[in-house]
Structures are given as structure tokens and as C-alpha cells.
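Q: Sharing entry09.cif (mmCIF, C-alpha atoms) below.
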```cif
data_coords
loop_
_atom_site.group_PDB
_atom_site.id
_atom_site.type_symbol
_atom_site.label_atom_id
_atom_site.label_comp_id
_atom_site.auth_asym_id
_atom_site.auth_seq_id
_atom_site.Cartn_x
_atom_site.Cartn_y
_atom_site.Cartn_z
ATOM 1 C CA MET A 742 236.021 180.210 80.122
ATOM 2 C CA SER A 743 235.824 179.555 83.857
ATOM 3 C CA SER A 744 236.421 181.508 87.045
ATOM 4 C CA ILE A 745 238.764 179.499 89.267
ATOM 5 C CA SER A 746 239.744 179.871 92.915
ATOM 6 C CA ILE A 747 242.752 177.797 93.953
ATOM 7 C CA ILE A 748 243.164 177.169 97.667
ATOM 8 C CA GLY A 749 246.814 176.318 98.279
ATOM 9 C CA LEU A 750 250.262 177.651 97.446
ATOM 10 C CA GLY A 751 252.233 174.546 96.480
ATOM 11 C CA ASN A 752 253.564 173.200 93.203
ATOM 12 C CA MET A 753 250.203 171.892 91.986
ATOM 13 C CA ALA A 754 248.554 175.223 92.769
ATOM 14 C CA GLY A 755 251.153 177.042 90.692
ATOM 15 C CA ALA A 756 250.975 174.567 87.812
ATOM 16 C CA LEU A 757 247.180 174.667 87.652
ATOM 17 C CA ALA A 758 247.089 178.442 87.932
ATOM 18 C CA GLY A 759 249.599 178.897 85.123
ATOM 19 C CA ARG A 760 247.767 176.592 82.735
ATOM 20 C CA ALA A 761 244.397 178.051 83.700
ATOM 21 C CA LEU A 762 245.522 181.598 82.940
ATOM 22 C CA ALA A 763 247.049 180.493 79.645
ATOM 23 C CA GLY A 764 243.676 178.955 78.792
ATOM 24 C CA GLY A 765 241.868 182.251 79.324
ATOM 25 C CA ASN A 766 240.394 181.507 82.744
ATOM 26 C CA ALA A 767 240.156 183.974 85.637
ATOM 27 C CA VAL A 768 242.292 182.738 88.550
ATOM 28 C CA GLU A 769 242.208 183.638 92.247
ATOM 29 C CA ILE A 770 244.969 182.396 94.566
ATOM 30 C CA ILE A 771 244.087 181.798 98.228
ATOM 31 C CA GLY A 772 246.563 180.824 100.934
ATOM 32 C CA ARG A 773 246.967 181.090 104.676
ATOM 33 C CA ASP A 774 250.194 183.060 104.224
ATOM 34 C CA PRO A 775 249.154 186.314 102.470
ATOM 35 C CA ALA A 776 252.764 187.172 101.592
ATOM 36 C CA LYS A 777 253.314 183.809 99.890
ATOM 37 C CA ALA A 778 249.958 184.100 98.108
ATOM 38 C CA LYS A 779 250.995 187.499 96.722
ATOM 39 C CA GLU A 780 254.387 186.083 95.779
ATOM 40 C CA LEU A 781 252.824 183.209 93.833
ATOM 41 C CA ALA A 782 250.301 185.512 92.142
ATOM 42 C CA GLY A 783 253.180 187.821 91.218
ATOM 43 C CA THR A 784 254.766 185.028 89.165
ATOM 44 C CA LEU A 785 251.510 184.579 87.242
ATOM 45 C CA ASP A 786 250.282 187.093 84.708
ATOM 46 C CA GLY A 787 246.746 188.061 85.676
ATOM 47 C CA ALA A 788 246.109 186.091 88.881
ATOM 48 C CA THR A 789 244.396 187.837 91.795
ATOM 49 C CA VAL A 790 244.803 187.140 95.521
ATOM 50 C CA GLY A 791 241.833 186.157 97.657
ATOM 51 C CA THR A 792 241.315 186.337 101.409
ATOM 52 C CA VAL A 793 241.329 183.222 103.555
ATOM 53 C CA GLY A 794 237.867 182.652 105.003
ATOM 54 C CA ALA A 795 236.081 184.950 102.562
ATOM 55 C CA ALA A 796 233.838 183.433 99.897
ATOM 56 C CA PRO A 797 235.990 182.270 96.958
ATOM 57 C CA ALA A 798 235.355 184.325 93.823
ATOM 58 C CA GLY A 799 235.566 181.349 91.479
ATOM 59 C CA ASP A 800 232.649 179.179 90.423
ATOM 60 C CA ILE A 801 235.145 176.304 90.535
ATOM 61 C CA VAL A 802 237.226 175.910 93.706
ATOM 62 C CA VAL A 803 240.363 173.768 93.528
ATOM 63 C CA LEU A 804 241.569 172.158 96.749
ATOM 64 C CA ALA A 805 245.334 172.220 96.226
ATOM 65 C CA VAL A 806 246.160 171.431 99.847
ATOM 66 C CA PRO A 807 247.408 168.229 101.512
ATOM 67 C CA TYR A 808 244.667 165.663 102.047
ATOM 68 C CA ALA A 809 245.157 165.847 105.809
ATOM 69 C CA SER A 810 243.797 169.392 105.853
ATOM 70 C CA ALA A 811 241.378 169.271 102.905
ATOM 71 C CA ALA A 812 238.168 168.366 104.758
ATOM 72 C CA ALA A 813 238.959 170.917 107.463
ATOM 73 C CA VAL A 814 239.412 173.628 104.824
ATOM 74 C CA VAL A 815 236.050 172.773 103.285
ATOM 75 C CA SER A 816 234.401 172.842 106.712
ATOM 76 C CA GLU A 817 235.950 176.243 107.488
ATOM 77 C CA TYR A 818 234.467 177.777 104.339
ATOM 78 C CA GLY A 819 231.098 176.169 105.014
ATOM 79 C CA ASP A 820 228.199 177.838 103.221
ATOM 80 C CA ALA A 821 230.607 180.035 101.260
ATOM 81 C CA LEU A 822 231.090 176.955 99.061
ATOM 82 C CA ARG A 823 227.367 176.459 98.436
ATOM 83 C CA GLY A 824 226.741 176.224 94.702
ATOM 84 C CA LYS A 825 230.450 175.797 93.940
ATOM 85 C CA VAL A 826 232.132 172.965 92.091
ATOM 86 C CA ILE A 827 234.952 171.700 94.307
ATOM 87 C CA ILE A 828 237.822 169.955 92.540
ATOM 88 C CA ASP A 829 239.644 167.542 94.833
ATOM 89 C CA ILE A 830 243.196 166.916 93.591
ATOM 90 C CA THR A 831 244.430 165.254 96.798
ATOM 91 C CA ASN A 832 245.796 161.761 97.355
ATOM 92 C CA PRO A 833 245.181 160.270 100.829
ATOM 93 C CA VAL A 834 248.206 157.980 100.620
ATOM 94 C CA ALA A 835 249.638 156.490 103.811
ATOM 95 C CA PRO A 836 253.221 157.451 104.715
ATOM 96 C CA ASP A 837 254.537 153.966 103.817
ATOM 97 C CA LEU A 838 253.040 154.310 100.295
ATOM 98 C CA GLN A 839 251.290 150.951 100.754
ATOM 99 C CA GLY A 840 247.695 152.118 101.166
ATOM 100 C CA PHE A 841 245.430 154.944 102.223
ATOM 101 C CA VAL A 842 244.515 156.840 105.377
ATOM 102 C CA THR A 843 240.824 156.909 104.437
ATOM 103 C CA PRO A 844 238.229 154.508 105.891
ATOM 104 C CA ASP A 845 237.867 151.158 104.139
ATOM 105 C CA GLY A 846 235.545 151.421 101.156
ATOM 106 C CA SER A 847 235.774 155.201 100.973
ATOM 107 C CA SER A 848 237.997 157.694 99.173
ATOM 108 C CA GLY A 849 239.510 161.055 99.897
ATOM 109 C CA ALA A 850 236.978 162.725 97.632
ATOM 110 C CA GLN A 851 234.049 161.065 99.389
ATOM 111 C CA GLU A 852 235.360 162.128 102.801
ATOM 112 C CA ILE A 853 235.796 165.698 101.553
ATOM 113 C CA ALA A 854 232.263 165.625 100.117
ATOM 114 C CA LYS A 855 230.914 164.820 103.592
ATOM 115 C CA ALA A 856 232.336 168.149 104.801
ATOM 116 C CA ALA A 857 230.928 170.158 101.873
ATOM 117 C CA PRO A 858 227.690 172.141 102.229
ATOM 118 C CA VAL A 859 224.480 171.150 100.489
ATOM 119 C CA GLY A 860 224.583 172.451 96.931
ATOM 120 C CA ALA A 861 228.333 172.064 96.494
ATOM 121 C CA HIS A 862 229.572 169.293 94.197
ATOM 122 C CA VAL A 863 232.915 167.522 94.614
ATOM 123 C CA VAL A 864 234.707 166.276 91.510
ATOM 124 C CA LYS A 865 237.921 164.269 91.711
ATOM 125 C CA ALA A 866 240.470 165.381 89.092
ATOM 126 C CA PHE A 867 244.171 166.044 88.458
ATOM 127 C CA ASN A 868 245.332 163.663 91.216
ATOM 128 C CA THR A 869 247.184 161.415 88.754
ATOM 129 C CA LEU A 870 249.387 164.167 87.291
ATOM 130 C CA PHE A 871 252.694 165.302 88.758
ATOM 131 C CA SER A 872 252.909 169.081 89.003
ATOM 132 C CA HIS A 873 255.800 169.562 86.564
ATOM 133 C CA VAL A 874 254.129 167.259 84.020
ATOM 134 C CA LEU A 875 250.923 169.275 84.326
ATOM 135 C CA ALA A 876 252.845 172.534 83.934
ATOM 136 C CA ALA A 877 254.521 171.257 80.758
ATOM 137 C CA GLY A 878 251.200 170.284 79.175
ATOM 138 C CA PRO A 879 250.777 168.112 76.061
ATOM 139 C CA ALA A 880 253.513 165.529 75.504
ATOM 140 C CA GLU A 881 254.645 164.050 72.195
ATOM 141 C CA GLY A 882 251.868 165.799 70.310
ATOM 142 C CA ARG A 883 248.975 164.508 72.407
ATOM 143 C CA PRO A 884 247.129 166.045 75.354
ATOM 144 C CA LEU A 885 247.554 164.624 78.816
ATOM 145 C CA ASP A 886 244.581 162.689 80.179
ATOM 146 C CA VAL A 887 242.825 163.990 83.286
ATOM 147 C CA PHE A 888 240.618 161.358 84.914
ATOM 148 C CA ILE A 889 237.559 162.696 86.714
ATOM 149 C CA ALA A 890 234.860 161.249 88.958
ATOM 150 C CA GLY A 891 231.791 162.874 90.464
ATOM 151 C CA ASP A 892 228.104 162.408 91.183
ATOM 152 C CA ASP A 893 226.754 165.551 89.475
ATOM 153 C CA ALA A 894 226.719 165.467 85.673
ATOM 154 C CA GLN A 895 226.621 169.248 85.306
ATOM 155 C CA ALA A 896 229.559 169.695 87.674
ATOM 156 C CA LYS A 897 231.581 167.142 85.719
ATOM 157 C CA ALA A 898 230.703 168.906 82.476
ATOM 158 C CA ARG A 899 231.989 172.210 83.876
ATOM 159 C CA VAL A 900 235.193 170.571 85.081
ATOM 160 C CA SER A 901 235.610 168.895 81.686
ATOM 161 C CA GLU A 902 235.300 172.256 79.920
ATOM 162 C CA PHE A 903 237.901 173.689 82.290
ATOM 163 C CA ILE A 904 240.258 170.783 81.606
ATOM 164 C CA GLU A 905 239.867 171.259 77.865
ATOM 165 C CA SER A 906 240.733 174.950 78.251
ATOM 166 C CA LEU A 907 244.085 173.808 79.659
ATOM 167 C CA GLY A 908 244.829 171.844 76.501
ATOM 168 C CA LEU A 909 244.202 168.551 78.323
ATOM 169 C CA ARG A 910 241.739 165.699 77.751
ATOM 170 C CA PRO A 911 239.059 164.924 80.364
ATOM 171 C CA MET A 912 238.242 161.245 80.861
ATOM 172 C CA ASP A 913 235.079 160.586 82.876
ATOM 173 C CA ALA A 914 235.549 157.528 85.110
ATOM 174 C CA GLY A 915 232.073 157.578 86.649
ATOM 175 C CA GLU A 916 230.464 158.628 89.910
ATOM 176 C CA LEU A 917 232.314 159.818 93.012
ATOM 177 C CA PRO A 918 233.007 156.330 94.475
ATOM 178 C CA MET A 919 235.300 155.838 91.455
ATOM 179 C CA ALA A 920 237.598 158.397 93.080
ATOM 180 C CA ARG A 921 238.942 155.450 95.068
ATOM 181 C CA ALA A 922 240.127 153.901 91.807
ATOM 182 C CA LEU A 923 241.726 157.180 90.727
ATOM 183 C CA GLU A 924 243.534 157.411 94.060
ATOM 184 C CA ASN A 925 244.790 153.869 93.449
ATOM 185 C CA VAL A 926 246.147 155.062 90.101
ATOM 186 C CA ALA A 927 248.160 157.684 91.970
ATOM 187 C CA LEU A 928 249.411 154.982 94.344
ATOM 188 C CA LEU A 929 250.406 152.898 91.302
ATOM 189 C CA GLU A 930 252.360 155.863 89.945
ATOM 190 C CA LEU A 931 254.232 156.203 93.227
ATOM 191 C CA GLY A 932 255.071 152.505 93.062
ATOM 192 C CA LEU A 933 256.348 152.862 89.498
ATOM 193 C CA MET A 934 258.376 155.903 90.506
ATOM 194 C CA THR A 935 259.946 154.026 93.391
ATOM 195 C CA HIS A 936 260.569 150.613 91.859
ATOM 196 C CA SER A 937 260.942 150.887 88.095
ATOM 197 C CA ILE A 938 260.846 154.299 86.403
ATOM 198 C CA LYS A 939 262.874 156.005 89.156
ATOM 199 C CA HIS A 940 261.652 159.511 88.286
ATOM 200 C CA THR A 941 258.412 161.450 87.836
ATOM 201 C CA ASP A 942 258.691 162.490 84.195
ATOM 202 C CA PHE A 943 255.735 160.366 83.107
ATOM 203 C CA SER A 944 251.963 160.246 83.058
ATOM 204 C CA LEU A 945 249.359 157.530 82.636
ATOM 205 C CA GLY A 946 246.740 157.883 79.939
ATOM 206 C CA ILE A 947 244.352 156.069 77.636
ATOM 207 C CA THR A 948 245.053 154.941 74.085
ATOM 208 C CA VAL A 949 241.886 154.073 72.165
ATOM 209 C CA LEU A 950 242.720 151.231 69.773
ATOM 210 C CA SER A 951 239.644 151.347 67.555
#
```
Show me this structure written as C-alpha cells.

A:
Amino acid sequence: MSSISIIGLGNMAGALAGRALAGGNAVEIIGRDPAKAKELAGTLDGATVGTVGAAPAGDIVVLAVPYASAAAVVSEYGDALRGKVIIDITNPVAPDLQGFVTPDGSSGAQEIAKAAPVGAHVVKAFNTLFSHVLAAGPAEGRPLDVFIAGDDAQAKARVSEFIESLGLRPMDAGELPMARALENVALLELGLMTHSIKHTDFSLGITVLS
């Protein structure tokens, strides 16, 4: 099993932490508000609380913060993230839900990777799952699909093992530039939520026909 540090205190942080603990992983919660971090950890059986700015205990560090602050968080930790696998779950969607706030041709994950120290490896994952869907886990007898993208094969393998420990199915989409496509999937989901499905009780996945 894996050792996971989750930076962030929102719904996705809680959902990931709960599933990670259920899968036998060690989980550290890190947040700028120590009281809220302790409160979240108190709702989770076995989670510990880390200190903002100190080196994360986990070999895998999950960025469960808004995209607007993600690169800054990575920069603040600096060399403390050297050798870590950084999971980027963010979506750099523009406020009008019509595009992205990232530079043309780039992705949120690629921009975050620019801020990471040498030796750290960014893997895009979990950005296409709503928090309550992730918390609920497998649906209709099949695991949810988690699309991943990253440049380092070993880092993706470690993230895939972590995903499997959650009872979910990793689907490798390719190298880190494919994170742009995964962020477009999230934008598609927001469009479906707004214009057709009208709620967030759904997920997108792959059905292999042969």
C-alpha cells in the first residue's frame, strides 16, 4: 500500500482520504487552517495531520487545492517535494465554463510541473470524478475509471497501484501533455451537468467492446 499526503481540506480531499484509508493506505492531511485539518482528520479513522511547509510524509502527494493556488503551493514546498509523485487533480476551467485559464497549448498539470523541483513527477488523475461519486466508489457492479497522464512510467505505475487500492480502475492516457485532454473531459462533464444531465451523479468511463 502507499503513503499519501493530501494537501487541501475540501470535498475531494475528504473523499480521497476516506477511500485511501479504506484501501489500507497511510494518509496525512495538510491544510493551512490547522483546526480544520484536525477536524477533517477526526472524521477519518487513522488519518494523521501534517504541518504546512514541512516535508510531506507521503511518497505520493495529492494536490487537492484550487488550480489558482496549485503551482504556488508546489513552489512553496520546493525541494521538500523532490523524489515525490505529485498527483494533480485540479481543473483550470475559466469562470464562464467555456475554456481554460492556462496558456494555449498547455495544461494545468504541465504548468504545475514547471513549479515542481527536479526529481518530482507530476501525474494528472482524478480530475474527471466528482467528489461524492468518488466517495461512493464502484457503481452498478463496476469500478469507476480514473484517467491518468504523466511523463514518468514508474510514477504512473505507483499512481495506478494507488488507484487500484481504492477499488477503482486506472486508465493510462499517455504522457503529461494528454492532461489537456483530461481537463477537456472535465469541461465536457460541466457542460453535460449544465445543459443535459442537470446534476452531478454521473461519471465518464470506458467500455471495452471486444

Q: Could you tell me how far atom CA of Ala914 of chain A lies from atom CA of Leu950 of chain A, in Å and to one decimal?

A: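 Between atom CA of Ala914 of chain A and atom CA of Leu950 of chain A the gap works out to 18.1 Å.
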
Q: From the options A:Ser848, A:Ala856, A:Val949, A:Ile745, which residue's atoms come nearest to Glu916 of chain A, counting only C-alpha atoms?

A: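 Between A:Ser848, A:Ala856, A:Val949, A:Ile745, the residue approaching Glu916 of chain A most closely is A:Ser848.
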
Q: Do you have, as JSON lines, the list of residues of segment 882-943 of chain A lying at most 12 Å from segment 753-775 of chain A, each with its nearest atom pair and that distance in Å to one decimal, counting all atoms listed in the file and ordered by chain then number?

A:
```
{"residue": "A:Val900", "atom": "CA", "partner": "A:Ala761", "partner_atom": "CA", "distance": 11.9}
{"residue": "A:Glu902", "atom": "CA", "partner": "A:Gly764", "partner_atom": "CA", "distance": 10.8}
{"residue": "A:Phe903", "atom": "CA", "partner": "A:Ala761", "partner_atom": "CA", "distance": 8.0}
{"residue": "A:Ile904", "atom": "CA", "partner": "A:Ala761", "partner_atom": "CA", "distance": 8.6}
{"residue": "A:Glu905", "atom": "CA", "partner": "A:Gly764", "partner_atom": "CA", "distance": 8.6}
{"residue": "A:Ser906", "atom": "CA", "partner": "A:Gly764", "partner_atom": "CA", "distance": 5.0}
{"residue": "A:Leu907", "atom": "CA", "partner": "A:Gly764", "partner_atom": "CA", "distance": 5.2}
{"residue": "A:Gly908", "atom": "CA", "partner": "A:Gly764", "partner_atom": "CA", "distance": 7.6}
{"residue": "A:Leu909", "atom": "CA", "partner": "A:Arg760", "partner_atom": "CA", "distance": 9.8}
```

Q: Convert the current residue selection to file output with C-alpha atoms, as a compact mmCIF listing (two decimals), keeping the file's coordinate frame.

A:
```txt
# COMPACT_ATOMS: atom_id res chain seq x y z
CA VAL A 900 235.19 170.57 85.08
CA GLU A 902 235.30 172.26 79.92
CA PHE A 903 237.90 173.69 82.29
CA ILE A 904 240.26 170.78 81.61
CA GLU A 905 239.87 171.26 77.86
CA SER A 906 240.73 174.95 78.25
CA LEU A 907 244.08 173.81 79.66
CA GLY A 908 244.83 171.84 76.50
CA LEU A 909 244.20 168.55 78.32
```

Q: Suppose you want the space between atom CA of Asn925 of chain A and atom CA of Pro833 of chain A; what is it in Å?

A: 9.8 Å

Q: Which polymer residues have any atom within 9 Å of an atom of Leu885 of chain A, counting all atoms listed in the file, with same-chain residues fewer than 4 positions away left out, as a PyMOL selection string?

A: chain A and resi 870+874-875+878-880+908-911+944-946

Q: Using the chain letters and numbers from this file, what does the PyMOL selection byres ((chain A and resi 817) around 12) select? Give the answer as a PyMOL selection string.

A: chain A and resi 793-796+810-816+818-822+856-858

Q: Since the input is missing atoms, can you rebuild N, CA, C and O atoms for segment 882-902 of chain A and write them as a PDB file, keeping the file's coordinate frame?

A:
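As written to disk, rebuild07.pdb reads:
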```
ATOM      1  N   GLY A 882     252.931 165.469  71.242  1.00  0.00           N
ATOM      2  CA  GLY A 882     251.868 165.799  70.310  1.00  0.00           C
ATOM      3  C   GLY A 882     250.482 165.380  70.731  1.00  0.00           C
ATOM      4  O   GLY A 882     249.531 165.507  69.945  1.00  0.00           O
ATOM      5  N   ARG A 883     250.306 164.908  71.953  1.00  0.00           N
ATOM      6  CA  ARG A 883     248.975 164.508  72.407  1.00  0.00           C
ATOM      7  C   ARG A 883     248.709 165.113  73.778  1.00  0.00           C
ATOM      8  O   ARG A 883     249.620 165.271  74.588  1.00  0.00           O
ATOM      9  N   PRO A 884     247.451 165.450  74.048  1.00  0.00           N
ATOM     10  CA  PRO A 884     247.129 166.045  75.354  1.00  0.00           C
ATOM     11  C   PRO A 884     247.234 165.023  76.470  1.00  0.00           C
ATOM     12  O   PRO A 884     247.042 163.820  76.257  1.00  0.00           O
ATOM     13  N   LEU A 885     247.565 165.487  77.645  1.00  0.00           N
ATOM     14  CA  LEU A 885     247.554 164.624  78.816  1.00  0.00           C
ATOM     15  C   LEU A 885     246.110 164.292  79.186  1.00  0.00           C
ATOM     16  O   LEU A 885     245.202 165.100  79.001  1.00  0.00           O
ATOM     17  N   ASP A 886     245.906 163.102  79.722  1.00  0.00           N
ATOM     18  CA  ASP A 886     244.581 162.689  80.179  1.00  0.00           C
ATOM     19  C   ASP A 886     244.383 163.096  81.635  1.00  0.00           C
ATOM     20  O   ASP A 886     245.274 162.902  82.471  1.00  0.00           O
ATOM     21  N   VAL A 887     243.210 163.651  81.916  1.00  0.00           N
ATOM     22  CA  VAL A 887     242.825 163.990  83.286  1.00  0.00           C
ATOM     23  C   VAL A 887     241.587 163.176  83.622  1.00  0.00           C
ATOM     24  O   VAL A 887     240.513 163.398  83.058  1.00  0.00           O
ATOM     25  N   PHE A 888     241.736 162.208  84.511  1.00  0.00           N
ATOM     26  CA  PHE A 888     240.618 161.358  84.914  1.00  0.00           C
ATOM     27  C   PHE A 888     239.770 162.090  85.943  1.00  0.00           C
ATOM     28  O   PHE A 888     240.293 162.705  86.863  1.00  0.00           O
ATOM     29  N   ILE A 889     238.466 162.007  85.792  1.00  0.00           N
ATOM     30  CA  ILE A 889     237.559 162.696  86.714  1.00  0.00           C
ATOM     31  C   ILE A 889     236.489 161.735  87.203  1.00  0.00           C
ATOM     32  O   ILE A 889     236.138 160.762  86.523  1.00  0.00           O
ATOM     33  N   ALA A 890     235.973 162.020  88.402  1.00  0.00           N
ATOM     34  CA  ALA A 890     234.860 161.249  88.958  1.00  0.00           C
ATOM     35  C   ALA A 890     234.001 162.192  89.791  1.00  0.00           C
ATOM     36  O   ALA A 890     234.522 163.060  90.490  1.00  0.00           O
ATOM     37  N   GLY A 891     232.700 162.011  89.708  1.00  0.00           N
ATOM     38  CA  GLY A 891     231.791 162.874  90.464  1.00  0.00           C
ATOM     39  C   GLY A 891     230.362 162.428  90.283  1.00  0.00           C
ATOM     40  O   GLY A 891     230.029 161.741  89.307  1.00  0.00           O
ATOM     41  N   ASP A 892     229.502 162.832  91.213  1.00  0.00           N
ATOM     42  CA  ASP A 892     228.104 162.408  91.183  1.00  0.00           C
ATOM     43  C   ASP A 892     227.205 163.323  90.358  1.00  0.00           C
ATOM     44  O   ASP A 892     226.129 162.905  89.926  1.00  0.00           O
ATOM     45  N   ASP A 893     227.611 164.579  90.158  1.00  0.00           N
ATOM     46  CA  ASP A 893     226.754 165.551  89.475  1.00  0.00           C
ATOM     47  C   ASP A 893     227.215 165.733  88.040  1.00  0.00           C
ATOM     48  O   ASP A 893     228.349 166.175  87.786  1.00  0.00           O
ATOM     49  N   ALA A 894     226.345 165.417  87.091  1.00  0.00           N
ATOM     50  CA  ALA A 894     226.719 165.467  85.673  1.00  0.00           C
ATOM     51  C   ALA A 894     227.080 166.877  85.226  1.00  0.00           C
ATOM     52  O   ALA A 894     228.031 167.072  84.457  1.00  0.00           O
ATOM     53  N   GLN A 895     226.335 167.873  85.702  1.00  0.00           N
ATOM     54  CA  GLN A 895     226.621 169.248  85.306  1.00  0.00           C
ATOM     55  C   GLN A 895     227.970 169.712  85.857  1.00  0.00           C
ATOM     56  O   GLN A 895     228.725 170.392  85.169  1.00  0.00           O
ATOM     57  N   ALA A 896     228.266 169.331  87.090  1.00  0.00           N
ATOM     58  CA  ALA A 896     229.559 169.695  87.674  1.00  0.00           C
ATOM     59  C   ALA A 896     230.697 169.057  86.888  1.00  0.00           C
ATOM     60  O   ALA A 896     231.720 169.712  86.616  1.00  0.00           O
ATOM     61  N   LYS A 897     230.536 167.799  86.503  1.00  0.00           N
ATOM     62  CA  LYS A 897     231.581 167.142  85.719  1.00  0.00           C
ATOM     63  C   LYS A 897     231.730 167.790  84.348  1.00  0.00           C
ATOM     64  O   LYS A 897     232.848 167.903  83.832  1.00  0.00           O
ATOM     65  N   ALA A 898     230.626 168.231  83.778  1.00  0.00           N
ATOM     66  CA  ALA A 898     230.703 168.906  82.476  1.00  0.00           C
ATOM     67  C   ALA A 898     231.483 170.213  82.594  1.00  0.00           C
ATOM     68  O   ALA A 898     232.293 170.547  81.714  1.00  0.00           O
ATOM     69  N   ARG A 899     231.268 170.948  83.677  1.00  0.00           N
ATOM     70  CA  ARG A 899     231.989 172.210  83.876  1.00  0.00           C
ATOM     71  C   ARG A 899     233.472 171.954  84.091  1.00  0.00           C
ATOM     72  O   ARG A 899     234.329 172.675  83.565  1.00  0.00           O
ATOM     73  N   VAL A 900     233.790 170.914  84.861  1.00  0.00           N
ATOM     74  CA  VAL A 900     235.193 170.571  85.081  1.00  0.00           C
ATOM     75  C   VAL A 900     235.831 170.101  83.772  1.00  0.00           C
ATOM     76  O   VAL A 900     236.988 170.437  83.478  1.00  0.00           O
ATOM     77  N   SER A 901     235.087 169.361  82.978  1.00  0.00           N
ATOM     78  CA  SER A 901     235.610 168.895  81.686  1.00  0.00           C
ATOM     79  C   SER A 901     235.925 170.069  80.765  1.00  0.00           C
ATOM     80  O   SER A 901     236.961 170.082  80.089  1.00  0.00           O
ATOM     81  N   GLU A 902     235.047 171.063  80.738  1.00  0.00           N
ATOM     82  CA  GLU A 902     235.300 172.256  79.920  1.00  0.00           C
ATOM     83  C   GLU A 902     236.553 172.987  80.408  1.00  0.00           C
ATOM     84  O   GLU A 902     237.359 173.470  79.605  1.00  0.00           O
TER      85      GLU A 902
END
```
